[in-house]
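Shown next: coords.txt, containing compact mmCIF, C-alpha atoms and all ligand atoms.
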# COMPACT_ATOMS: atom_id res chain seq x y z
CA MET A 266 36.43 54.77 -37.13
CA ASP A 267 39.59 54.52 -35.05
CA THR A 268 43.15 55.08 -36.27
CA GLU A 269 46.52 54.69 -34.58
CA ILE A 270 48.70 57.78 -34.67
CA THR A 271 51.88 59.10 -33.11
CA LEU A 272 52.29 62.61 -31.74
CA VAL A 273 55.58 64.01 -30.46
CA VAL A 274 54.67 66.44 -27.70
CA ASP A 275 57.38 68.45 -25.96
CA GLY A 276 59.94 65.95 -27.19
CA VAL A 277 58.09 62.86 -25.96
CA GLU A 278 56.63 60.41 -28.46
CA HIS A 279 53.10 59.16 -27.78
CA SER A 280 51.27 56.47 -29.72
CA LEU A 281 47.51 56.41 -29.37
CA VAL A 282 44.37 55.19 -31.07
CA VAL A 283 41.92 57.99 -31.82
CA ASP A 284 38.52 58.34 -33.39
CA THR A 285 39.13 60.12 -36.71
CA ARG A 286 36.98 63.05 -35.49
CA THR A 287 39.28 63.75 -32.51
CA THR A 288 41.07 67.09 -32.51
CA VAL A 289 44.70 67.47 -31.50
CA LEU A 290 43.49 69.49 -28.50
CA ASP A 291 41.22 66.69 -27.29
CA ALA A 292 43.87 64.05 -27.98
CA LEU A 293 46.32 65.96 -25.80
CA ARG A 294 43.93 66.87 -23.00
CA GLU A 295 41.63 63.87 -22.85
CA ARG A 296 43.88 61.04 -23.99
CA LEU A 297 47.39 62.06 -23.01
CA GLY A 298 46.64 64.16 -19.92
CA ILE A 299 48.56 67.13 -21.33
CA THR A 300 46.42 69.99 -20.10
CA SER A 301 48.44 73.16 -20.57
CA PRO A 302 46.67 73.83 -23.91
CA LYS A 303 43.22 74.98 -22.79
CA LYS A 304 39.82 74.67 -24.43
CA GLY A 305 38.14 78.04 -24.51
CA CYS A 306 35.88 78.24 -27.55
CA ASP A 307 36.70 75.00 -29.41
CA GLN A 308 36.18 76.87 -32.68
CA GLY A 309 39.36 78.78 -33.43
CA GLN A 310 38.39 82.11 -31.91
CA CYS A 311 40.14 82.45 -28.55
CA GLY A 312 43.67 81.09 -28.89
CA ALA A 313 43.60 79.25 -25.55
CA CYS A 314 44.57 76.01 -27.33
CA THR A 315 47.59 77.47 -29.17
CA LEU A 316 50.50 75.10 -29.79
CA LEU A 317 53.65 75.27 -31.83
CA LEU A 318 53.71 72.92 -34.82
CA GLY A 319 57.42 73.09 -35.56
CA ASP A 320 57.95 76.87 -35.31
CA ARG A 321 54.44 77.88 -36.35
CA ARG A 322 51.64 78.71 -33.94
CA VAL A 323 48.41 76.82 -34.54
CA ASN A 324 44.99 76.46 -32.96
CA SER A 325 44.89 72.83 -31.90
CA CYS A 326 41.08 72.80 -31.58
CA LEU A 327 40.87 73.15 -35.37
CA MET A 328 43.28 70.30 -36.18
CA LEU A 329 42.14 66.74 -36.66
CA ALA A 330 44.68 64.53 -34.94
CA VAL A 331 44.74 61.96 -37.76
CA ALA A 332 46.01 64.67 -40.10
CA TYR A 333 49.02 65.28 -37.84
CA ASP A 334 50.33 61.75 -37.45
CA GLY A 335 54.02 62.09 -36.55
CA ALA A 336 53.78 65.84 -35.90
CA ASN A 337 56.21 67.61 -33.59
CA LEU A 338 54.20 69.77 -31.17
CA ARG A 339 55.26 72.08 -28.39
CA THR A 340 53.12 73.29 -25.52
CA ALA A 341 53.84 75.90 -22.86
CA ASP A 342 55.15 73.05 -20.69
CA GLY A 343 57.81 72.29 -23.28
CA LEU A 344 59.12 75.85 -23.68
CA ALA A 345 61.31 75.75 -20.60
CA ASP A 346 64.56 73.82 -20.45
CA ALA A 347 66.67 74.02 -17.30
CA ASP A 348 65.22 77.47 -16.70
CA MET A 349 61.96 79.17 -17.59
CA HIS A 350 61.55 80.50 -21.10
CA PRO A 351 62.19 84.28 -21.17
CA LEU A 352 58.52 84.89 -22.02
CA GLN A 353 57.34 82.77 -19.10
CA ARG A 354 59.61 84.77 -16.79
CA ALA A 355 58.46 88.07 -18.29
CA PHE A 356 54.80 87.14 -17.72
CA ILE A 357 55.58 86.52 -14.05
CA GLU A 358 57.67 89.66 -13.65
CA HIS A 359 54.97 91.81 -15.29
CA ASP A 360 52.12 90.10 -13.42
CA ALA A 361 50.64 89.45 -16.86
CA PHE A 362 47.77 87.17 -15.87
CA GLN A 363 44.89 86.86 -13.46
CA CYS A 364 43.13 83.46 -13.58
CA GLY A 365 45.83 82.07 -15.88
CA TYR A 366 43.46 80.15 -18.14
CA CYS A 367 44.59 81.88 -21.32
CA THR A 368 48.23 82.14 -20.26
CA PRO A 369 49.74 78.96 -21.78
CA GLY A 370 48.20 79.86 -25.13
CA GLN A 371 49.35 83.47 -24.81
CA VAL A 372 52.94 82.48 -24.08
CA VAL A 373 53.11 79.89 -26.87
CA SER A 374 51.52 82.34 -29.28
CA ALA A 375 54.04 85.02 -28.33
CA VAL A 376 56.90 82.60 -29.05
CA GLY A 377 55.44 81.89 -32.48
CA MET A 378 54.77 85.58 -33.06
CA MET A 379 58.40 86.50 -32.41
CA GLN A 380 59.54 83.87 -34.87
CA GLU A 381 57.21 85.39 -37.49
CA MET A 382 58.70 88.84 -36.80
CA ARG A 383 62.24 87.49 -37.07
CA GLU A 384 61.36 86.02 -40.45
CA GLY A 385 60.04 89.41 -41.59
CA GLU A 386 56.41 88.36 -42.00
CA PRO A 387 54.35 91.56 -41.97
CA SER A 388 51.16 91.97 -39.95
CA ALA A 389 48.15 94.08 -40.87
CA VAL A 390 49.71 97.09 -39.10
CA THR A 391 53.39 96.71 -39.95
CA ALA A 392 53.31 99.52 -42.51
CA ASP A 393 51.77 102.00 -40.03
CA ALA A 394 52.84 100.80 -36.58
CA ALA A 395 54.49 103.63 -34.66
CA GLU A 396 55.44 101.47 -31.68
CA LEU A 397 56.45 97.86 -31.21
CA SER A 398 53.50 97.58 -28.82
CA ASP A 399 51.11 98.31 -31.73
CA GLU A 400 52.69 95.48 -33.67
CA VAL A 401 52.52 93.10 -30.71
CA ARG A 402 48.88 94.01 -29.99
CA GLU A 403 47.91 93.23 -33.58
CA ARG A 404 49.91 90.02 -33.78
CA MET A 405 48.52 88.77 -30.46
CA SER A 406 44.92 89.67 -31.32
CA GLY A 407 44.04 86.01 -31.88
CA ASN A 408 44.58 85.28 -28.19
CA LEU A 409 41.78 86.52 -25.99
CA CYS A 410 41.93 87.06 -22.24
CA ARG A 411 38.63 87.10 -20.41
CA CYS A 412 40.32 88.66 -17.38
CA GLY A 413 41.54 91.55 -19.50
CA ALA A 414 45.17 91.18 -18.45
CA TYR A 415 46.36 92.80 -21.67
CA ALA A 416 47.70 95.90 -19.91
CA ASN A 417 50.52 93.84 -18.37
CA MET A 418 50.75 91.16 -21.02
CA ILE A 419 51.67 93.46 -23.89
CA PRO A 420 54.60 95.11 -22.00
CA ALA A 421 55.84 91.63 -21.01
CA ILE A 422 55.93 90.51 -24.63
CA VAL A 423 57.37 93.81 -25.87
CA GLU A 424 60.19 93.59 -23.33
CA VAL A 425 61.26 90.18 -24.59
CA ALA A 426 60.76 91.13 -28.25
CA GLN A 427 63.11 94.11 -27.79
CA ARG A 428 66.02 92.00 -26.55
S1 LIG B 501 39.89 76.64 -27.96
FE1 LIG B 501 40.96 76.73 -29.82
S2 LIG B 501 40.84 78.79 -30.45
FE2 LIG B 501 39.57 78.66 -28.67
S1 LIG B 502 44.29 85.59 -17.26
FE1 LIG B 502 42.23 84.89 -17.07
S2 LIG B 502 41.60 84.58 -19.12
FE2 LIG B 502 43.52 85.53 -19.31

When written as structure tokens, how does the structure in this file appear?
Amino acid sequence: MDTEITLVVDGVEHSLVVDTRTTVLDALRERLGITSPKKGCDQGQCGACTLLLGDRRVNSCLMLAVAYDGANLRTADGLADADMHPLQRAFIEHDAFQCGYCTPGQVVSAVGMMQEMREGEPSAVTADAAELSDEVRERMSGNLCRCGAYANMIPAIVEVAQR
């Protein structure tokens, strides 16, 4: 069964007809040609498909597009305005990627993570975390990197989170 929906992606409104089984990730990648959200696992385990739904980070491979008719979504492409987003710049300055496949999801997730911290949402380690890097590691644990670029990624995120 097909349904017409509207998605607002990075400030641009798109109307499209989708099969009701289509995920937001597939609607973006396959129908709209928006490919910065990546498909890693397609089952909510790797974080490569992370988007912002409003201010909240979400795994777009787990979201049926028909349930998000009218939703306001942001991808890594939409984080920058005239200049790069501070996290995008920090990833470059810290050389925080290798192949780059996970990077859009990592950056978007870090933006959402910082919003959660600003709002005082605790993580599983907040009570015991000695360093901000412990907190960041825990909060970013839903985003996997097959290249193992964590050693540079965590300092990049910590640097921006400390500002
Ligand atoms: S592709 Fe969505 S979490 Fe892996
Ligand atoms: S940089 Fe290659 S998967 Fe993360």

Can you tell me which residues come within 6 Å of ligand LIG 502 (chain B) when counting only C-alpha atoms and all ligand atoms, ideally as a list in words?
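Within the 6 Å cut-off, the matching residues are Phe362, Gln363, Cys364, Gly365, Tyr366, Cys367, Thr368, Cys410, Arg411, Cys412 and Ala414 of chain A.
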
Counting only C-alpha atoms and all ligand atoms, closest pick from A:Gly370, A:Gly312, A:Gly298, A:Gly319 relative to ligand LIG 501 (chain B) is A:Gly312

Check which residues fall inside 12 Å of ligand LIG 501 (chain B) when counting all atoms listed in the file, and print them as a PyMOL selection string.
chain A and resi 288-291+294+301-316+322-328+366-367+369-371+374+406-411

If I take atom CA of A:Gly276 and atom CA of A:Leu338, how far is one from the other in Å, to one decimal?
8.0 Å

Give me, as a ChimeraX atom specification, all polymer residues having an atom no more than 9 Å from A:Ser388, counting only C-alpha atoms and skipping those fewer than 4 positions away in the same chain.
/A:382,392,400,403-404

Saved selection, atoms kept: C-alpha atoms, as a compact mmCIF listing (two decimals), keeping the file's coordinate frame:
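Ended up saving to again-v6.txt:
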# COMPACT_ATOMS: atom_id res chain seq x y z
CA MET A 382 58.70 88.84 -36.80
CA ALA A 392 53.31 99.52 -42.51
CA GLU A 400 52.69 95.48 -33.67
CA GLU A 403 47.91 93.23 -33.58
CA ARG A 404 49.91 90.02 -33.78

Looking at only C-alpha atoms, which of A:His279, A:His359, A:His350, A:Arg383 is the one that sits closest to A:Ile419?
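Among the listed residues, the smallest separation from A:Ile419 belongs to A:His359.
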
Using all atoms listed in the file for the distances, tell me which of A:Ala292, A:Tyr415, A:Thr300, A:Val423 is nearest to A:Ala361.
A:Tyr415

Compare A:Ala416, A:Val274, A:Val401, A:Ala375 by their minimum atom-to-atom distance to A:Asn337, counting only C-alpha atoms, and give me the closest one.
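Closest to A:Asn337 of all the choices is A:Val274.
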
Atomic distance atom CA of A:Asp320 - atom CA of A:Val277, expressed in Å with one decimal:
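About the pair atom CA of A:Asp320 and atom CA of A:Val277: they are 16.8 Å apart.
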
Which of these, A:Arg428, A:Arg339, A:Arg286, A:Arg296, has the shortest distance to A:Val373 once you count only C-alpha atoms?
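Between A:Arg428, A:Arg339, A:Arg286, A:Arg296, the residue approaching A:Val373 most closely is A:Arg339.
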
Please, what distance in Å, to one decimal, runs between atom CA of A:Asp284 and atom CA of A:Thr268?
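Separation of atom CA of A:Asp284 and atom CA of A:Thr268: 6.4 Å.
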
Looking at all atoms listed in the file, which of A:Asp342, A:Glu295, A:Asp267, A:Glu386 is the one that sits closest to A:Val372?
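With all atoms listed in the file as the atom set, the closest residue is A:Asp342.
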